[in-house]
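A.B. asks: Structure file query38.cif, mmCIF, C-alpha atoms, is pasted below:
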```
data_entry
#
loop_
_atom_site.label_atom_id
_atom_site.label_comp_id
_atom_site.auth_asym_id
_atom_site.auth_seq_id
_atom_site.Cartn_x
_atom_site.Cartn_y
_atom_site.Cartn_z
CA MET A 1 5.24 -33.33 11.88
CA ALA A 2 2.89 -30.61 10.68
CA LYS A 3 0.53 -29.27 13.32
CA LYS A 4 -3.06 -30.40 12.81
CA LYS A 5 -5.31 -27.57 11.67
CA ILE A 6 -8.16 -26.50 13.91
CA LYS A 7 -11.49 -27.63 12.48
CA LEU A 8 -13.97 -24.78 12.40
CA TYR A 9 -17.74 -24.78 12.59
CA GLY A 10 -19.30 -23.08 9.57
CA PHE A 11 -17.73 -20.18 7.66
CA ASN A 12 -14.45 -18.66 8.86
CA ASN A 13 -15.62 -15.08 9.34
CA LEU A 14 -12.43 -13.65 10.85
CA THR A 15 -11.64 -10.36 9.13
CA LYS A 16 -7.97 -9.89 8.23
CA THR A 17 -7.08 -6.37 7.14
CA LEU A 18 -3.74 -5.22 5.76
CA SER A 19 -3.35 -1.44 5.39
CA PHE A 20 -0.45 0.29 3.64
CA ASN A 21 0.82 3.83 3.39
CA ILE A 22 3.63 4.00 0.85
CA TYR A 23 5.55 7.25 0.29
CA ASP A 24 7.84 8.25 -2.57
CA VAL A 25 9.79 11.51 -2.26
CA CYS A 26 11.48 13.53 -4.97
CA TYR A 27 13.62 16.66 -5.21
CA ALA A 28 11.85 19.12 -7.53
CA ARG A 29 13.22 22.65 -7.23
CA THR A 30 11.23 24.81 -9.66
CA ALA A 31 7.47 25.18 -10.10
CA ARG A 32 7.78 23.56 -13.51
CA GLU A 33 9.64 20.55 -12.08
CA LYS A 34 7.02 20.16 -9.34
CA ASN A 35 4.14 20.20 -11.82
CA GLU A 36 5.89 17.82 -14.18
CA TYR A 37 6.67 15.42 -11.33
CA VAL A 38 3.00 15.31 -10.30
CA GLU A 39 1.96 14.80 -13.94
CA TYR A 40 4.50 11.99 -14.30
CA ILE A 41 3.33 10.23 -11.12
CA ASP A 42 -0.30 10.69 -12.11
CA GLU A 43 0.35 8.97 -15.42
CA GLN A 44 2.57 6.22 -13.99
CA TYR A 45 0.01 5.27 -11.37
CA ASN A 46 -3.27 5.91 -13.13
CA ALA A 47 -6.45 3.99 -12.36
CA GLU A 48 -5.78 1.46 -15.11
CA ARG A 49 -2.39 0.44 -13.71
CA LEU A 50 -3.66 0.42 -10.12
CA THR A 51 -6.49 -1.86 -11.20
CA LYS A 52 -3.98 -4.34 -12.65
CA ILE A 53 -1.98 -4.28 -9.40
CA LEU A 54 -5.08 -5.04 -7.31
CA CYS A 55 -6.21 -7.77 -9.74
CA ASP A 56 -2.75 -9.34 -9.40
CA VAL A 57 -3.12 -9.18 -5.61
CA THR A 58 -6.54 -10.86 -5.86
CA GLU A 59 -5.01 -13.75 -7.80
CA MET A 60 -2.07 -14.04 -5.38
CA ILE A 61 -4.25 -14.42 -2.30
CA GLY A 62 -6.44 -16.98 -4.05
CA ALA A 63 -9.58 -14.85 -4.40
CA HIS A 64 -11.89 -13.97 -7.30
CA VAL A 65 -12.95 -10.55 -8.58
CA LEU A 66 -16.67 -9.77 -8.39
CA ASN A 67 -16.72 -6.08 -9.14
CA ILE A 68 -14.27 -3.25 -9.93
CA SER A 69 -14.67 0.50 -9.51
CA LYS A 70 -11.92 2.83 -10.75
CA GLN A 71 -11.56 6.57 -11.29
CA ASP A 72 -8.88 9.09 -12.26
CA TYR A 73 -9.30 12.53 -10.68
CA ASP A 74 -8.72 16.11 -11.77
CA PRO A 75 -6.26 17.69 -11.05
CA GLN A 76 -4.51 14.50 -9.85
CA GLY A 77 -4.91 11.20 -8.05
CA ALA A 78 -6.78 7.97 -8.68
CA SER A 79 -8.88 5.44 -6.77
CA VAL A 80 -9.74 1.78 -7.31
CA THR A 81 -12.07 -0.46 -5.29
CA ILE A 82 -12.43 -4.19 -5.89
CA LEU A 83 -14.84 -6.59 -4.23
CA ILE A 84 -13.54 -10.16 -4.14
CA SER A 85 -14.81 -13.61 -3.16
CA GLU A 86 -13.01 -16.60 -1.70
CA GLU A 87 -14.77 -18.89 -4.20
CA ALA A 88 -15.58 -18.24 -7.86
CA VAL A 89 -19.03 -16.69 -8.40
CA PRO A 90 -21.09 -17.41 -11.55
CA VAL A 91 -21.47 -14.42 -13.85
CA GLU A 92 -25.27 -14.68 -13.82
CA VAL A 93 -25.49 -13.91 -10.08
CA MET A 94 -23.27 -10.79 -10.22
CA ASP A 95 -24.94 -7.39 -9.91
CA PRO A 96 -25.47 -6.21 -13.52
CA THR A 97 -25.55 -2.52 -12.54
CA CYS A 98 -21.87 -2.76 -11.67
CA ASN A 99 -20.67 -5.34 -14.16
CA GLY A 100 -22.88 -4.93 -17.25
CA MET A 101 -21.10 -4.01 -20.47
CA ASP A 102 -23.61 -1.24 -21.19
CA ILE A 103 -22.52 0.45 -17.97
CA LEU A 104 -18.82 0.05 -18.81
CA GLU A 105 -19.32 1.60 -22.22
CA LYS A 106 -21.06 4.66 -20.81
CA ARG A 107 -18.71 5.61 -17.97
CA ARG A 108 -15.02 5.87 -17.23
CA SER A 109 -15.63 4.58 -13.73
CA VAL A 110 -15.74 0.79 -13.37
CA CYS A 111 -16.62 -1.06 -10.19
CA GLY A 112 -15.17 -4.35 -8.88
CA HIS A 113 -16.17 -6.48 -5.84
CA LEU A 114 -15.09 -9.50 -3.82
CA ASP A 115 -17.67 -11.40 -1.74
CA LYS A 116 -17.19 -10.44 1.94
CA SER A 117 -13.79 -8.96 1.07
CA HIS A 118 -12.39 -5.92 -0.69
CA LEU A 119 -9.29 -4.15 -1.94
CA THR A 120 -8.92 -0.38 -2.26
CA VAL A 121 -6.17 1.97 -3.41
CA HIS A 122 -6.00 5.77 -3.42
CA THR A 123 -3.13 7.97 -4.58
CA TYR A 124 -2.12 11.43 -3.35
CA PRO A 125 0.63 13.28 -5.27
CA GLU A 126 1.47 16.60 -3.59
CA TYR A 127 3.95 19.46 -3.32
CA HIS A 128 4.21 22.89 -1.72
CA PRO A 129 5.42 25.97 -3.63
CA ASN A 130 7.83 26.89 -0.81
CA GLN A 131 9.38 23.42 -0.52
CA THR A 132 11.82 21.56 -2.77
CA ILE A 133 10.62 18.06 -1.84
CA SER A 134 7.50 16.64 -3.51
CA THR A 135 5.80 13.50 -2.24
CA PHE A 136 3.57 10.77 -3.60
CA ARG A 137 1.48 8.72 -1.17
CA VAL A 138 -0.40 5.51 -1.91
CA ASP A 139 -3.01 4.16 0.52
CA ILE A 140 -3.87 0.48 0.07
CA ASP A 141 -6.31 -1.68 2.04
CA VAL A 142 -6.69 -5.43 1.56
CA SER A 143 -9.47 -6.84 3.73
CA THR A 144 -10.41 -10.52 3.58
CA CYS A 145 -12.61 -13.08 5.30
CA GLY A 146 -12.25 -16.85 5.27
CA ARG A 147 -9.08 -18.78 4.53
CA ILE A 148 -7.51 -16.23 2.18
CA SER A 149 -4.86 -13.97 3.71
CA PRO A 150 -3.74 -10.51 2.54
CA LEU A 151 -0.23 -11.19 3.89
CA LYS A 152 0.47 -13.31 0.79
CA ALA A 153 0.58 -10.14 -1.33
CA LEU A 154 2.87 -8.18 0.99
CA ASN A 155 6.09 -8.40 -1.02
CA TYR A 156 4.35 -7.82 -4.34
CA LEU A 157 2.74 -4.62 -3.08
CA ILE A 158 6.01 -3.27 -1.69
CA GLY A 159 7.73 -3.97 -5.01
CA SER A 160 4.96 -2.40 -7.09
CA PHE A 161 5.79 1.15 -5.95
CA ASP A 162 8.85 3.32 -5.36
CA SER A 163 8.76 2.88 -1.60
CA ASP A 164 10.93 5.25 0.46
CA ILE A 165 8.77 5.08 3.58
CA ILE A 166 6.26 2.33 4.29
CA THR A 167 3.81 2.04 7.16
CA ILE A 168 1.90 -1.23 7.44
CA ASP A 169 -0.97 -2.17 9.73
CA TYR A 170 -2.37 -5.68 10.04
CA ARG A 171 -5.31 -6.58 12.23
CA VAL A 172 -7.44 -9.67 12.77
CA ARG A 173 -10.97 -8.85 13.96
CA GLY A 174 -14.03 -10.76 15.04
CA PHE A 175 -14.14 -14.45 15.89
CA THR A 176 -15.12 -17.77 14.38
CA ARG A 177 -15.91 -21.00 16.22
CA GLU A 178 -14.33 -24.40 16.56
CA MET A 179 -16.55 -27.47 16.23
CA ASN A 180 -17.13 -27.60 19.99
CA GLY A 181 -18.31 -23.96 20.03
CA ARG A 182 -15.12 -22.49 21.49
CA LYS A 183 -14.35 -19.04 20.03
CA CYS A 184 -11.28 -18.65 17.82
CA PHE A 185 -9.98 -15.07 17.56
CA ILE A 186 -7.04 -15.76 15.22
CA ASP A 187 -6.37 -18.73 12.95
CA HIS A 188 -2.66 -18.35 12.18
CA LYS A 189 0.60 -17.59 13.94
CA ILE A 190 2.13 -14.11 13.65
CA THR A 191 4.65 -12.27 15.82
CA SER A 192 5.55 -9.47 13.38
CA ILE A 193 4.59 -8.23 9.92
CA GLN A 194 8.32 -8.36 9.18
CA ASP A 195 8.12 -12.17 9.26
CA PHE A 196 6.22 -11.99 5.96
CA ILE A 197 8.58 -9.56 4.19
CA ASP A 198 11.43 -10.87 2.05
CA TYR A 199 14.73 -10.61 3.91
CA LYS A 200 16.40 -8.89 0.93
CA THR A 201 13.78 -6.15 1.14
CA LEU A 202 14.24 -5.78 4.90
CA GLU A 203 17.98 -5.29 4.41
CA GLU A 204 17.25 -2.09 2.49
CA TYR A 205 15.15 -0.51 5.26
CA GLU A 206 15.21 0.56 8.86
CA ALA A 207 12.21 -1.18 10.40
CA GLN A 208 10.35 -0.77 13.68
CA ASP A 209 7.41 -2.70 15.15
CA ILE A 210 4.64 -1.52 17.44
CA ASN A 211 2.42 -4.53 18.20
CA VAL A 212 -0.53 -5.10 20.52
CA TYR A 213 -0.57 -8.88 20.66
CA GLN A 214 -3.55 -9.23 23.00
CA SER A 215 -5.70 -7.38 20.47
CA ASN A 216 -4.20 -9.00 17.34
CA ILE A 217 -2.95 -5.61 16.12
CA PHE A 218 0.40 -5.39 14.34
CA HIS A 219 2.18 -2.28 13.05
CA THR A 220 5.47 -1.96 11.17
CA LYS A 221 7.08 1.16 9.73
CA MET A 222 10.05 1.16 7.37
CA LYS A 223 12.41 3.82 5.99
CA VAL A 224 14.93 3.25 3.22
CA LYS A 225 18.51 3.22 4.55
CA ASN A 226 20.52 4.60 1.63
CA ILE A 227 19.80 7.65 -0.49
CA ASN A 228 21.14 7.26 -4.02
CA LEU A 229 20.81 10.90 -4.97
CA GLN A 230 20.24 10.35 -8.70
CA ASP A 231 17.10 8.37 -7.93
CA TYR A 232 15.58 11.41 -6.24
CA LEU A 233 16.37 14.09 -8.81
CA PHE A 234 13.58 14.86 -11.24
CA GLN A 235 14.93 15.86 -14.66
CA ASN A 236 18.34 16.69 -13.20
CA GLU A 237 21.71 14.93 -13.24
CA VAL A 238 23.70 14.53 -10.06
CA ASP A 239 26.98 15.21 -11.90
CA ALA A 240 25.74 18.69 -12.77
CA LEU A 241 25.54 19.60 -9.07
CA SER A 242 28.38 20.78 -6.90
CA PRO A 243 29.34 18.68 -3.85
CA GLU A 244 27.78 21.36 -1.63
CA GLU A 245 24.49 21.21 -3.56
CA GLN A 246 24.47 17.43 -3.43
CA GLU A 247 24.95 17.42 0.33
CA LYS A 248 22.22 20.05 0.80
CA ILE A 249 19.72 18.00 -1.21
CA ARG A 250 20.60 14.81 0.68
CA THR A 251 19.99 16.64 3.95
CA GLU A 252 16.60 17.89 2.75
CA LEU A 253 15.57 14.43 1.55
CA ALA A 254 16.69 12.81 4.81
CA HIS A 255 14.78 15.41 6.84
CA GLU A 256 11.59 14.87 4.83
CA MET A 257 11.83 11.10 5.24
CA ALA A 258 12.52 11.40 8.97
CA GLU A 259 9.38 13.53 9.46
CA ILE A 260 7.17 11.10 7.53
CA TYR A 261 8.69 8.09 9.30
CA SER A 262 8.24 9.59 12.77
CA GLY A 263 4.86 11.16 12.01
CA LYS A 264 5.84 14.57 13.36
CA ASN A 265 7.49 17.81 12.32
CA ILE A 266 11.15 17.95 13.25
CA TYR A 267 12.68 21.29 14.11
CA ARG A 268 15.67 22.29 12.00
CA LYS A 269 18.45 24.27 13.63
#
```
Before anything else, please render the file you have as structure tokens.

C.D. replies:
Amino acid sequence: MAKKKIKLYGFNNLTKTLSFNIYDVCYARTAREKNEYVEYIDEQYNAERLTKILCDVTEMIGAHVLNISKQDYDPQGASVTILISEEAVPVEVMDPTCNGMDILEKRRSVCGHLDKSHLTVHTYPEYHPNQTISTFRVDIDVSTCGRISPLKALNYLIGSFDSDIITIDYRVRGFTREMNGRKCFIDHKITSIQDFIDYKTLEEYEAQDINVYQSNIFHTKMKVKNINLQDYLFQNEVDALSPEEQEKIRTELAHEMAEIYSGKNIYRK
């Protein structure tokens, strides 16, 4: 028998926030390869594509877009912010300064909003001239109030990017009230973020939890288990490398991933 849902008094104003850091790493040896990798990433994950991803997330969690703001940056990177609402909002009550067609025609930046909730994404491609490993980081925040839950979009977000290392934070904040006035600090069961990730995805990663249950704070970090070298070579073929070169590159990739996963610099002997 299904457990009877708690009846709440008024609006469910619990804030549920899902925060992602997703990292993609790539072996790019020369300055030209590094620059071309950043250009490739910048084009693959431009503001237009990121906007589509966040709009898909909005639909998945059962929300409605109010307002969208997006921007590509020079020399690289992009940002998108979307405000969403739990219920559909009539067009006539939306803020025309953010949604009017005259504004959209005059600027490359577009703004999107959800009532009491929001989604944001920022990208950070980077490399160092003295290093052979380039990285691409995506920061995503999905914050909702009411019945809608950002956890519904978890698997879609992981699959939308080349995810070598993933760090996920989920937190429920505030309180709402039951009909008798008793405070309710969380309205759903959760023991681990991993419970909401597809098991086939989890099989591909090492995963570790750090949870603070009494504060409704949940943290999971994941690192891909297997390195298929060809997937990490930018404009190079693995067959063109000697066994010694292949092993050296694997070691460098593994070291970079280990540092990002642990959040600290690791001394190399």

A.B. asks: Just how far from CA of Tyr261 (chain A) is CA of Tyr40 (chain A), in Å to one decimal?

C.D. replies: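 These atoms are spaced 24.3 Å apart.
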
A.B. asks: CA of Ile133 (chain A) to CA of Met257 (chain A): how many Å, to one decimal?

C.D. replies: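 So the answer is 10.0 Å.
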
A.B. asks: At a cut-off of 9 Å, using only C-alpha atoms, what residues contact region 41-43 of chain A? Leave out same-chain residues fewer than 6 positions from it and give the result as an mmCIF file with C-alpha atoms, in the frame of the given file.

C.D. replies:
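Result file follows (result_39.cif):
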```cif
data_model
loop_
_atom_site.group_PDB
_atom_site.id
_atom_site.type_symbol
_atom_site.label_atom_id
_atom_site.label_comp_id
_atom_site.auth_asym_id
_atom_site.auth_seq_id
_atom_site.Cartn_x
_atom_site.Cartn_y
_atom_site.Cartn_z
ATOM 1 C CA ASP A 72 -8.880 9.090 -12.260
ATOM 2 C CA GLN A 76 -4.510 14.500 -9.850
ATOM 3 C CA GLY A 77 -4.910 11.200 -8.050
ATOM 4 C CA ALA A 78 -6.780 7.970 -8.680
ATOM 5 C CA THR A 123 -3.130 7.970 -4.580
ATOM 6 C CA TYR A 124 -2.120 11.430 -3.350
ATOM 7 C CA PRO A 125 0.630 13.280 -5.270
ATOM 8 C CA PHE A 136 3.570 10.770 -3.600
#
```

A.B. asks: Using all atoms listed in the file, find the one residue out of A:Lys34, A:Lys189, A:Arg268, A:Lys152 that sits nearest to Gln131 (chain A).

C.D. replies: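 Closest to Gln131 (chain A) of all the choices is A:Lys34.
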
A.B. asks: Give me, please, the distance in Å between CA of Val57 (chain A) and CA of Tyr37 (chain A), quoted to one decimal.

C.D. replies: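 Straight-line distance from CA of Val57 (chain A) to CA of Tyr37 (chain A) works out to 27.1 Å.
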
A.B. asks: Determine, counting only C-alpha atoms, every residue of protein, DNA or RNA that lies within 10 Å of (-6.1, -4.7, -10.5) in the file coordinates, then give the result as a PyMOL selection string.

C.D. replies: chain A and resi 47-59+65+68+70+80-82+112+119-121

A.B. asks: Near region 214-218 of chain A, counting all atoms listed in the file, which residues have an atom at most 10 Å away, once you skip same-chain residues fewer than 5 positions from it, shown as a PyMOL selection string?

C.D. replies: chain A and resi 16-18+168-173+185-186+190-194+209

A.B. asks: Within 12 Å of region 233-247 of chain A, which residues of region 3-47 of chain A show up? Give each one with its shortest atom-to-atom distance in Å (one decimal) and the two atoms involved, counting all atoms listed in the file, rows by chain then rising residue number, as a Markdown table.

C.D. replies:
```
| residue | atom | partner | partner_atom | distance |
| --- | --- | --- | --- | --- |
| A:Val25 | CA | A:Leu233 | CA | 9.6 |
| A:Cys26 | CA | A:Leu233 | CA | 6.2 |
| A:Tyr27 | CA | A:Leu233 | CA | 5.2 |
| A:Ala28 | CA | A:Phe234 | CA | 5.9 |
| A:Arg29 | CA | A:Phe234 | CA | 8.8 |
| A:Thr30 | CA | A:Phe234 | CA | 10.3 |
| A:Arg32 | CA | A:Gln235 | CA | 10.6 |
| A:Glu33 | CA | A:Phe234 | CA | 7.0 |
| A:Lys34 | CA | A:Phe234 | CA | 8.6 |
| A:Asn35 | CA | A:Phe234 | CA | 10.9 |
| A:Glu36 | CA | A:Phe234 | CA | 8.7 |
| A:Tyr37 | CA | A:Phe234 | CA | 6.9 |
| A:Val38 | CA | A:Phe234 | CA | 10.6 |
| A:Glu39 | CA | A:Phe234 | CA | 11.9 |
| A:Tyr40 | CA | A:Phe234 | CA | 10.0 |
| A:Ile41 | CA | A:Phe234 | CA | 11.2 |
```

A.B. asks: Between A:Cys184, A:Leu157, A:Ala31, A:Val142, which one has atoms that come closest to Asn13 (chain A), using only C-alpha atoms?

C.D. replies: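 Among the listed residues, the smallest separation from Asn13 (chain A) belongs to A:Cys184.
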
A.B. asks: Given all atoms listed in the file as the basis, pick out the residue of A:Ala254, A:Met179, A:Ile249, A:Met60 nearest to Thr132 (chain A).

C.D. replies: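 Among A:Ala254, A:Met179, A:Ile249, A:Met60, it is A:Ile249 that comes nearest to Thr132 (chain A).
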
A.B. asks: Hey, which of A:Asn155, A:Ile260, A:Asp164, A:Ile22 ends up closest to Lys200 (chain A)? Count all atoms listed in the file.

C.D. replies: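 Among A:Asn155, A:Ile260, A:Asp164, A:Ile22, it is A:Asn155 that comes nearest to Lys200 (chain A).
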
A.B. asks: Extending 3 Å beyond the listed atoms of region 218-231 of chain A on each side, what axis-aligned box results? I want centre and edge lengths in Å to one decimal, as JSON.

C.D. replies:
```
{"center_x": 10.8, "center_y": 2.8, "center_z": 2.8, "size_x": 26.7, "size_y": 22.3, "size_z": 29.0}
```

A.B. asks: Could you tell me which residues the PyMOL selection byres ((chain A and resi 158) around 12) returns for this structure, as a ChimeraX atom specification?

C.D. replies: /A:19-24,53,57,138-140,151-157,159-168,196-198,201-202,205,222

A.B. asks: Using all atoms listed in the file, which residue out of A:Ala207, A:Val212, A:Leu229, A:Cys145 lies closest to His118 (chain A)?

C.D. replies: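 Under the stated criterion, the closest residue is A:Cys145.
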
A.B. asks: Just so the selection is clear, what residues does the PyMOL selection byres ((chain A and resi 225) around 8) cover here, as number ranges by chain?

C.D. replies: A: 204-206, 223-224, 226-227

A.B. asks: Nearest residue to Lys183 (chain A) out of A:Asp195, A:Gln208, A:Leu14, A:Ser117, using all atoms listed in the file?

C.D. replies: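 Ranking A:Asp195, A:Gln208, A:Leu14, A:Ser117 by distance to Lys183 (chain A), first place goes to A:Leu14.
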